[in-house]
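In what follows, a structure is listed as structure tokens, so that the remarks can point back to it.
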Amino acid sequence: MRRRSFVHLALLAAVIAAAVTAVAVLIPWLPVSASRERDRIDVTFWLATGISIMIFSVVAAAILYSVWRFRVHPDDDSDGPPIHGHTGLEIVWTAIPTVLVTAIAIVSAVVLHDNGTTVKNELHVKVTAQQFTWSFQYLDGPAKGVVSPDLYMPIDRSMKLEITSVDVLHSFWVPQFGQKQDAVPGQVNPLKITPTRLGTYPVICTELCGLGHSLMRRQAIVLSPADFAARRWAAGLPGGPTAAGAPPGQPGGGGSGKAVFAANGCAACHTLAAAAAAGKVGPDLDKLPAEAKRAGQPLESFVHESIVNPNAYIEPGFPKGVMPQNFGQTISKSALDALVQYLIQSSKGGGK
Ligand SMILES: [Cu+2]
């Protein structure tokens, strides 16, 4: 009789475990992993999930079995048998959780250590957060000196990000890389990433940092080592060897004004018909001639100044300090000229 109850209980637990495991495994809860660090974190995640499924199944089976097997009849008012603890049972239910929690702690400590270990030949990138954008400065490697609005990474090479902020608290997060790191003014916080999968992933600010927080997004782009070394991606960025010389729009030149507009995330905040942009955070750039007239400035210098020094003139009805303040540093001179000309041409053609 007791053996039969035990078999029923075990069967019920197995059925519950199978169902819950299917929910955990078959539904893609997490974004794909794109870094070695994330792979290690996933090991701790699945260990803890496996343990949780085990405990859940045993508890749920015991509850369901009791409800089914020991249900009282409506007219049964008698007490249950008096029971005074069970030393053996108490030792078991203390020892098992101790072992499980200790296992999670040990595995987590190993992963934390491995993910923070300095590896040979790592690339150093200074990451600067500010309301409301990111910039990435390469301190060594083939892109040394380049300041980029997006994070380009060679696959399978460890990168050490040195993360800081120039204004308020922000936090660096790429879900596919599995880690977050705070960006704190006056402090440099490290984060190691070794990308293992080619592709483009979102760089997200994950610390509410002001009005433009939800727009504080850039991209992390993982390239083959050859593409990274060729620095085709660095065309138009200050410091890139291909940035100087060739005119804008040519390969290796400053890039067309339209490309510069797209590459710097202007469309997130501005409307510009020529670029199919419909942002509403900043002024409508199709109306630039009228806006320059209102500001009492010649169009070209107004546009140039508005991009490199946005706070010099604030369009009435729009917030100050929301437009990123460092385009003057992150966009090369030739790319900036192309951008200004592009905005002037587009607004004259497409404006009202
Ligand atoms: Cu932020």
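Identifiers in this document derive from the order of the structure tokens: chains are assigned A, B, ..., residues are numbered from 1 separately in each chain, and ligands are numbered from 1 in order of occurrence.
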Please identify all protein, DNA and RNA residues within 12 Å of ligand 1, counting only C-alpha atoms and all ligand atoms, and report them as a PyMOL selection string.
chain A and resi 128-134+164-173+181-185+203-218+322+324
With only C-alpha atoms as the counted atoms, please give the residues lying no more than 10 Å from stretch 3-13 of chain A, apart from itself and same-chain residues fewer than 6 positions off, as an MDAnalysis selection string.
chainID A and resid 19 54:66 69
Among stretch 2-241 of chain A, which ones does DSSP assign to alpha helix (DSSP H) (computed from the backbone)? Answer as JSON, numbers by chain.
{"A": [2, 3, 4, 5, 6, 7, 8, 9, 10, 11, 12, 13, 14, 15, 16, 17, 18, 19, 20, 21, 22, 23, 24, 25, 26, 36, 37, 38, 39, 40, 41, 42, 43, 44, 45, 46, 47, 48, 49, 50, 51, 52, 53, 54, 55, 56, 57, 58, 59, 60, 61, 62, 63, 64, 65, 66, 67, 68, 69, 87, 88, 89, 90, 91, 92, 93, 94, 95, 96, 97, 98, 99, 100, 101, 102, 103, 104, 105, 106, 107, 108, 109, 110, 111, 112, 113, 114, 115, 116, 225, 226, 227, 228, 229, 230]}
Find the residues near stretch 312-320 of chain A: any atom within 10 Å, counting only C-alpha atoms, skip ones fewer than 2 places away on the same chain, and give them as an MDAnalysis selection string.
chainID A and resid 211 281:283 291:292 294:295 302 305:310 322:323
A:Asp42 surroundings by only C-alpha atoms, 12 Å radius, close-in-sequence under 3 positions cut, as a ChimeraX atom specification:
/A:29-39,45-50,107-108,111,176-179
Contacts of stretch 150-159 of chain A at 6 Å or less, counting only C-alpha atoms, minus same-chain residues fewer than 6 places along, as JSON, numbers by chain?
{"A": [122, 123, 124, 192, 193, 194, 195, 196, 218, 219, 220, 221, 222, 223, 224, 225, 228]}
Could you state the separation of atom CA of A:Pro149 and atom CA of A:Phe136 in Å, given to one decimal place?
6.2 Å
If you run DSSP over the backbone, which residues in stretch 113-284 of chain A end up strand (DSSP E)? Put them as a ChimeraX atom specification.
/A:123-130,133-138,147-148,151-154,159-165,170-174,179-183,189-193,199-205,217-223,271-272,277-278
Keeping only C-alpha atoms, write the selected residues as a compact mmCIF listing (two decimals), in the first residue's frame.
```txt
# COMPACT_ATOMS: atom_id res chain seq x y z
CA LEU A 123 40.94 45.17 -27.36
CA HIS A 124 40.27 48.20 -25.18
CA VAL A 125 37.38 50.49 -25.97
CA LYS A 126 36.36 53.53 -23.99
CA VAL A 127 32.57 53.69 -23.82
CA THR A 128 31.06 57.07 -23.04
CA ALA A 129 27.40 57.40 -22.14
CA GLN A 130 25.60 60.70 -22.20
CA THR A 133 23.61 58.46 -26.84
CA TRP A 134 26.74 56.32 -26.67
CA SER A 135 30.16 56.75 -28.20
CA PHE A 136 32.95 54.22 -28.53
CA GLN A 137 36.62 55.16 -28.68
CA TYR A 138 39.13 52.49 -29.73
CA VAL A 147 35.59 57.33 -32.23
CA SER A 148 32.46 55.58 -33.44
CA LEU A 151 30.24 49.48 -31.33
CA TYR A 152 32.03 47.46 -34.03
CA MET A 153 33.59 44.24 -32.78
CA PRO A 154 35.77 41.55 -34.36
CA MET A 159 37.07 43.26 -25.76
CA LYS A 160 37.40 45.18 -22.57
CA LEU A 161 34.89 48.02 -22.43
CA GLU A 162 35.82 50.85 -20.08
CA ILE A 163 32.46 52.40 -19.38
CA THR A 164 31.87 55.90 -18.09
CA SER A 165 29.33 58.71 -18.28
CA HIS A 170 23.30 55.18 -17.47
CA SER A 171 23.75 51.45 -17.93
CA PHE A 172 25.22 49.51 -20.85
CA TRP A 173 23.27 46.45 -22.00
CA VAL A 174 23.29 44.20 -25.06
CA GLN A 179 25.60 41.41 -19.11
CA LYS A 180 24.84 44.90 -17.85
CA GLN A 181 27.29 47.47 -16.53
CA ASP A 182 26.56 50.86 -14.95
CA ALA A 183 27.94 54.03 -16.54
CA ASN A 189 33.55 50.36 -14.93
CA PRO A 190 34.93 47.42 -16.91
CA LEU A 191 32.96 44.89 -18.95
CA LYS A 192 34.46 42.01 -20.94
CA ILE A 193 32.79 40.79 -24.09
CA GLY A 199 25.37 40.12 -36.61
CA THR A 200 23.91 43.38 -35.37
CA TYR A 201 22.58 43.67 -31.83
CA PRO A 202 21.00 46.58 -29.93
CA VAL A 203 23.01 48.58 -27.40
CA ILE A 204 20.42 49.68 -24.86
CA CYS A 205 20.57 52.13 -21.98
CA ARG A 217 20.06 53.09 -28.44
CA ARG A 218 22.96 52.30 -30.69
CA GLN A 219 24.16 49.11 -32.34
CA ALA A 220 26.80 46.50 -31.61
CA ILE A 221 28.00 45.07 -34.90
CA VAL A 222 30.08 41.90 -34.89
CA LEU A 223 32.34 41.60 -37.96
CA THR A 271 11.33 64.26 -39.22
CA LEU A 272 13.00 64.53 -42.64
CA ALA A 277 12.38 59.88 -41.00
CA ALA A 278 9.37 60.66 -38.79
```
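Of the listed residues A:Leu299, A:Ala109, A:Ile53, A:Ala263, the one whose atoms come nearest to A:Val25 is A:Ile53, with distances taken using only C-alpha atoms.
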